[in-house]
Number of protein chains: 2
Amino acid sequence: MHSEPLLSSLDPAADAALAAPVWAASCPPTRAALLQALAEVLEEHREPLVALAHEETHLGVARLNGELDRTCFQLRAFADLVLAGGLHAVEHDTAIGGPPPRGRPDMQRVLVPLGPVAMFAASNFPFAFSVLGGDTASALAAGCPVVVRAHPAHLRLSRAVFHRVQQVLQAQRLPSGLVGLVDGASVEHGAALVQHPDIRAVAFTGSRRGGLALQALAAQRAVPIPFFGELGSVNPLVVLPAAFSDQSPDALAAQLAASVALGMGQFCTRPGVVVMADGEAPRRFIGELARQLAAAPVHPMLTPAIAQSYLAAAQALRRSAGVHVLVEPVPEHMGPLLATVQARDFVHPAHQAALRHEVFGPAVLVVVCEDASGLAPVLESMAGALVATLWGAEADSPLARQLVAVATARAGRVLFGGVPTGVAVTRAQQHGGPWPSSTQPAFTSVGLHACERFLRPVVYQSAPAWLLAGLPT
Amino acid sequence: MHSEPLLSSLDPAADAALAAPVWAASCPPTRAALLQALAEVLEEHREPLVALAHEETHLGVARLNGELDRTCFQLRAFADLVLAGGLHAVEHDTAIGGPPPRGRPDMQRVLVPLGPVAMFAASNFPFAFSVLGGDTASALAAGCPVVVRAHPAHLRLSRAVFHRVQQVLQAQRLPSGLVGLVDGASVEHGAALVQHPDIRAVAFTGSRRGGLALQALAAQRAVPIPFFGELGSVNPLVVLPAAFSDQSPDALAAQLAASVALGMGQFCTRPGVVVMADGEAPRRFIGELARQLAAAPVHPMLTPAIAQSYLAAAQALRRSAGVHVLVEPVPEHMGPLLATVQARDFVHPAHQAALRHEVFGPAVLVVVCEDASGLAPVLESMAGALVATLWGAEADSPLARQLVAVATARAGRVLFGGVPTGVAVTRAQQHGGPWPSSTQPAFTSVGLHACERFLRPVVYQSAPAWLLAGLPT
């Protein structure tokens with residue numbers, strides 16, 4: 001037991017490496033008890049933590065309380081997963097006598113933890129993608145220690161949560177190195193963490209530029225390590241004509257405006273491009289969307305740099321050929337951005353950079369096609385996304401089938417109706433789509449499959465009884 | 001149907017892309033029927049194909065018949081996997097009412113095929129890691145077309161097998177682009193394949209240098225794609241003192257010599273380093289190993305370049321500090337290499353390059369420790385491997401536990417007794433260990449999990465009934 005466990009370590013990755021064998025060998029009740037206690041400590045200190053989070057992020061007490069709830073739910077969901085067993089996915093092929101290929105030895109396959117995980121917190125989820133967020137919960141559940149790279153946008157909150165984590169570890173007599181914190185503000189601190197020889201995997205949520213730089217470092221190590229980057233995306237929402245048969249243009253516009261403006265649009269799942277065919281209802285929808293967005297409540301963005309980038313992206317969009325701006329932010333009023341563009345201009349290769357890159361903030365671009373046959377080509381022109389939303393595909397039709405196929409090829413999640421913001425923590429969830437939305441679309445950073453990022457299969461061939469008896473279940 | 005399906009295409013990757021949606025939507029019986037027919041056609045033309053393979057590779061008719069058996073067994077195993085269902089791993093979370101985090105929408109998770117796979121054949125398995133090898137079988141099973149980069153070491157065989165594949169595709173009225181062949185001999189042909197925009201994943205078995213060059217190309221694409229490289233490894237075999245209680249040194253030496261010399265040692269799973277504590281039995285073992293290896297049958301290696309590399313590696317080893325050569329190849333007699341070295345010299349950082357890199361050929365280096373406490377440090381000094389073998393760990397002991405832990409951290413397969421050459425095709429198999437033995441140790445290139453390389457999860461949220469009804473099972 002450390003006498004001063006609440007100070008951050010000088011070398012948290014090395015401490016994590018010391019804790020790794022202990023944690024890899026821990027039994028399900030031990031792992032689950034830690035995850036549950038971490039959820040409890042968050043709830044116990046909810047009020048001051050949420051107040052601090054609001055002070056640093058301006059995201060609002062209601063949203064932050066909800067995010068804390070989600071974070072606790074997530075920690076407990078992973079605890080339940082651990083207790084249910086099967087996380088280490090034991091598979092057993094019994095020996096078959098005779099010559100190969102049919103004859104075979106006894107083969108016992110298990111999933112083993114990779115070791116210390118470097119986790120890069122996101123600016124926009126100070127609880128759910130930070131010190132005790134999904135990456136930490138899934139790594140701990142998988143049997144891996146975690147070193148969190150705190151996000152400078154909520155450093156005080158990160159330290160406060162880390163302080164509580166250390167208290168829990170101490171109370172449970174677990175090594176303090178099981179959860180570490182790197183809170184130096186410079187880029188070099190993050191780079192050094194990825195390059196640390198004791199780090200075995202990286203989980204990152206953030207900008208494409210930052211993610212690609214760290215990914216390159218992970219690949220250039222003497223021993224390269226996997227880099228799981230969630231880099232954000234332009235999430236398309238395609239409106240089939242049928243969408244307006246069930247719901248009024250006004251109701252749909254209100255729903256979309258709320259999703260775009262929520263938390264100043266600082267969500268990786270915010271719909272960034274809406275694709276629709278021209279017509280009376282779509283025009284009414286766009287008008288109402290403009291009215292709603294212009295009236296949306298405004299609060300400061302997460303950091304001055306994010307606000308500046310948002311304004312710059314809005315300016316770039318305004319200058320693009322064929323773009324009509326209906327609602328726009330100005331430095332004095334950091335409100336939403338709404339613009340429209342014809343499909344032929346959107347799909348033009350020369351416009352790709354300005355029109356199809358993520359704008360981090362409450363921005364939405366409506367792409368108007370001449371008719372419904374233009375919807376699929378616009379979707380096909382877009383890059384990989386975390387989520388694609390289809391409105392009006394509830395009834396079977398060749399158009400619905402075509403759009404589902406195109407959306408499936410381009411997204412990790414395909415949503416029917418509703419809005420893509422809000423990612424449920426469930427077993428089946430997938431938060432990670434084709435490039436450039438994530439670096440490894442075979443994996444997810446939300447939902448119970450998130451553990452798979454931190455496990456590796458090992459098969460024991462003709463293993464002795466003493467080993468088989470001790471394998472995880 | 002093409003009028004001339006037996007000619008290779010000018011752009012097989014583009015043809016594969018055309019075939020991709022058809023094949024992704026194919027039902028299990030269609031996929032299984034193709035895999036079964038491909039096994040049948042190999043068996044039907046066994047005699048001329050094996051003769052051609054021997055002519056090009058010198059691997060011997062007995063071994064090549066066995067390899068063809070294994071290849072057919074593998075194709076049928078994947079057919080069975082497809083028919084059993086579950087390959088697309090449908091998972092369903094039903095909706096739960098109420099607010100999040102507990103309340104959730106309906107979530108249906110499926111695994112979808114990535115699309116055309118570029119497959120780089122290996123020199124040393126003209127059937128099992130070539131046109132109809134495990135990569136092709138697992139990709140086709142997963143619903144992905146394959147473009148095979150033929151290995152120049154058995155180009156005529158590759159073309160002959162490809163010809164039969166095209167006949168099967170034609171007979172089953174499947175697109176000829178489902179299996180393509182790139183058989184240009186230059187490095188540029190392979191590079192162009194990895195860079196082709198229609199290729200969505202690469203499966204590679206071969207040298208570290210070639211693999212890393214192609215991996216870099218895959219990462220530098222406008223849309224990066226996953227690269228699954230099996231790059232070979234130095235597979236350690238650790239002899240615990242208890243090994244000599246059950247078996248005589250002579251019997252163990254004969255077993256190891258056969259594994260090292262088999263097929264001129266041209267196996268990625270050949271044991272390259274043997275670690276043992278000094279003693280009377282170990283000395284006798286080494287003497288007998290030398291006798292057996294000196295008398296091992298010799299045949300030409302796969303290519304003149306491989307033979308030259310092997311001789312050069314043997315020369316480099318001979319010049320290394322502390323290395324005693326007991327059996328060595330000479331240009332006129334390309335026989336096995338046996339050398340010994342003391343543990344302190346082996347673990348010395350200055351010697352890492354010469355002593356711990358893979359020598360592709362019938363070479364084995366015996367590392368002698370002063371006592372059994374030296375075994376684990378030697379194993380710890382070694383890099384990731386496809387397979388680590390432990391002899392004498394059958395009884396529970398602190399030493400056995402320590403060595404299993406170290407081996408587990410360094411290998412994809414841990415073998416107890418026996419020899420690591422010969423990789424059974426089973427459900428639980430894992431052929432892919434930590435760096436540098438493979439580029440993505442979370443995946444395997446042998447066994448039924450090999451399909452996972454070519455699938456990606458997608459979750460459908462609140463999917464309409466028409467879509468759910470058509471999802472794969």
# chains A, B, ... in the order shown; residues from 1 in each chain; ligands from 1
$ interface_residues --of "chain A" --to "chain B" --cutoff "6 Å" --atoms "only C-alpha atoms" --output "short mmCIF file (atom, residue, chain, number, x, y, z; two decimals) with N, CA and C atoms, in the first residue's frame"
data_model
loop_
_atom_site.label_atom_id
_atom_site.label_comp_id
_atom_site.auth_asym_id
_atom_site.auth_seq_id
_atom_site.Cartn_x
_atom_site.Cartn_y
_atom_site.Cartn_z
N ARG A 70 -24.81 7.84 -17.58
CA ARG A 70 -24.39 6.92 -18.62
C ARG A 70 -23.05 6.27 -18.28
N GLU A 91 -12.50 -21.58 -25.91
CA GLU A 91 -13.02 -22.52 -26.92
C GLU A 91 -12.15 -23.75 -26.87
N PRO A 101 -5.19 -34.31 -42.06
CA PRO A 101 -5.73 -33.10 -41.43
C PRO A 101 -6.89 -33.36 -40.46
N ARG A 109 -8.46 -22.51 -26.72
CA ARG A 109 -8.24 -21.11 -27.10
C ARG A 109 -8.78 -20.19 -26.02
N GLU A 394 -38.83 2.85 -43.81
CA GLU A 394 -39.53 1.84 -43.00
C GLU A 394 -40.25 0.82 -43.88
N ASP A 396 -40.61 -1.45 -47.33
CA ASP A 396 -39.71 -2.09 -48.30
C ASP A 396 -39.89 -1.44 -49.67
N GLY A 412 -20.69 2.41 -39.45
CA GLY A 412 -20.69 1.37 -38.43
C GLY A 412 -22.07 1.18 -37.82
N ARG A 413 -22.89 2.23 -37.89
CA ARG A 413 -24.27 2.16 -37.37
C ARG A 413 -25.20 2.74 -38.41
N VAL A 414 -26.27 2.06 -38.68
CA VAL A 414 -27.29 2.56 -39.61
C VAL A 414 -28.58 2.68 -38.83
N LEU A 415 -29.09 3.89 -38.84
CA LEU A 415 -30.21 4.26 -37.96
C LEU A 415 -31.44 4.55 -38.79
N PHE A 416 -32.58 4.03 -38.36
CA PHE A 416 -33.84 4.24 -39.08
C PHE A 416 -34.75 5.14 -38.25
N ALA A 428 -24.90 -5.08 -28.46
CA ALA A 428 -24.78 -5.10 -29.92
C ALA A 428 -24.23 -3.80 -30.51
N GLN A 430 -22.32 -0.63 -32.04
CA GLN A 430 -21.11 -0.48 -32.84
C GLN A 430 -20.86 1.00 -33.03
N ALA A 442 -13.17 -2.71 -37.47
CA ALA A 442 -13.60 -4.03 -36.98
C ALA A 442 -13.87 -3.98 -35.48
N ARG A 456 -6.26 -10.59 -26.87
CA ARG A 456 -5.57 -11.25 -27.97
C ARG A 456 -5.72 -12.75 -27.77
N VAL A 458 -4.85 -16.66 -27.67
CA VAL A 458 -3.73 -17.59 -27.51
C VAL A 458 -4.34 -18.98 -27.47
N VAL A 459 -3.75 -19.91 -28.21
CA VAL A 459 -4.24 -21.28 -28.13
C VAL A 459 -3.19 -22.14 -27.43
N TYR A 460 -3.66 -22.93 -26.46
CA TYR A 460 -2.79 -23.89 -25.77
C TYR A 460 -3.01 -25.25 -26.42
N GLN A 461 -1.93 -25.80 -26.96
CA GLN A 461 -2.03 -27.09 -27.65
C GLN A 461 -1.53 -28.19 -26.72
N SER A 462 -2.35 -29.22 -26.50
CA SER A 462 -2.01 -30.34 -25.61
C SER A 462 -1.64 -29.84 -24.22
N ALA A 463 -2.42 -28.90 -23.72
CA ALA A 463 -2.11 -28.29 -22.42
C ALA A 463 -2.29 -29.30 -21.29
N PRO A 464 -1.41 -29.24 -20.29
CA PRO A 464 -1.55 -30.12 -19.13
C PRO A 464 -2.76 -29.75 -18.27
N TRP A 466 -3.09 -29.14 -15.15
CA TRP A 466 -2.96 -28.05 -14.18
C TRP A 466 -3.22 -26.69 -14.82
#
$ residues_around --residues "Ala160 (chain B)" --least-positions-apart "3" --cutoff "10 Å" --atoms "only C-alpha atoms" --output "ChimeraX atom specification"
/B:45,48-49,52,131,155-157,163-165
$ atom_distance --atom1 "CA of Arg283 (chain B)" --atom2 "CA of Cys268 (chain B)"
27.1 Å
$ select_by_dssp --residues "region 125-181 of chain B" --states "alpha helix (DSSP H)" --output "list in words"
Gly134, Asp135, Thr136, Ala137, Ser138, Ala139, Leu140, Ala141, Ala142, Leu155, Arg156, Leu157, Ser158, Arg159, Ala160, Val161, Phe162, His163, Arg164, Val165, Gln166, Gln167, Val168, Leu169, Gln170 and Ala171 of chain B
$ write_last_selection --atoms "C-alpha atoms" --output "PDB file, in the first residue's frame"
ATOM      1  CA  GLY B 134      -6.636 -20.732 -46.089  1.00  0.00           C
ATOM      2  CA  ASP B 135      -6.765 -17.040 -46.929  1.00  0.00           C
ATOM      3  CA  THR B 136      -8.842 -17.675 -50.040  1.00  0.00           C
ATOM      4  CA  ALA B 137     -11.094 -20.194 -48.278  1.00  0.00           C
ATOM      5  CA  SER B 138     -11.709 -17.908 -45.300  1.00  0.00           C
ATOM      6  CA  ALA B 139     -12.308 -14.820 -47.465  1.00  0.00           C
ATOM      7  CA  LEU B 140     -14.772 -16.629 -49.736  1.00  0.00           C
ATOM      8  CA  ALA B 141     -16.529 -18.031 -46.663  1.00  0.00           C
ATOM      9  CA  ALA B 142     -16.782 -14.506 -45.246  1.00  0.00           C
ATOM     10  CA  LEU B 155       3.808 -19.765 -60.844  1.00  0.00           C
ATOM     11  CA  ARG B 156       2.914 -22.648 -63.146  1.00  0.00           C
ATOM     12  CA  LEU B 157       1.089 -24.455 -60.359  1.00  0.00           C
ATOM     13  CA  SER B 158      -0.722 -21.242 -59.436  1.00  0.00           C
ATOM     14  CA  ARG B 159      -1.902 -20.821 -63.002  1.00  0.00           C
ATOM     15  CA  ALA B 160      -2.979 -24.453 -63.222  1.00  0.00           C
ATOM     16  CA  VAL B 161      -5.006 -24.209 -60.001  1.00  0.00           C
ATOM     17  CA  PHE B 162      -6.472 -20.881 -61.109  1.00  0.00           C
ATOM     18  CA  HIS B 163      -7.547 -22.491 -64.375  1.00  0.00           C
ATOM     19  CA  ARG B 164      -9.455 -25.137 -62.387  1.00  0.00           C
ATOM     20  CA  VAL B 165     -11.003 -22.464 -60.151  1.00  0.00           C
ATOM     21  CA  GLN B 166     -12.318 -20.654 -63.196  1.00  0.00           C
ATOM     22  CA  GLN B 167     -13.851 -23.873 -64.486  1.00  0.00           C
ATOM     23  CA  VAL B 168     -15.649 -24.336 -61.180  1.00  0.00           C
ATOM     24  CA  LEU B 169     -16.905 -20.728 -61.160  1.00  0.00           C
ATOM     25  CA  GLN B 170     -18.178 -21.158 -64.700  1.00  0.00           C
ATOM     26  CA  ALA B 171     -19.904 -24.450 -63.848  1.00  0.00           C
TER      27      ALA B 171
END
$ atom_distance --atom1 "CA of Gly374 (chain B)" --atom2 "CA of Ser26 (chain A)"
27.4 Å
$ atom_distance --atom1 "CA of Ala261 (chain A)" --atom2 "CA of Met334 (chain A)"
11.0 Å
$ closest_residue --among "B:Gly361, B:Pro282, B:Gly229, B:Gly335" --to "Leu252 (chain B)" --atoms "only C-alpha atoms"
B:Pro282
$ select_by_dssp --residues "region 106-169 of chain B" --states "strand (DSSP E or B)" --output "PyMOL selection string"
chain B and resi 107-113+117-120+146-149
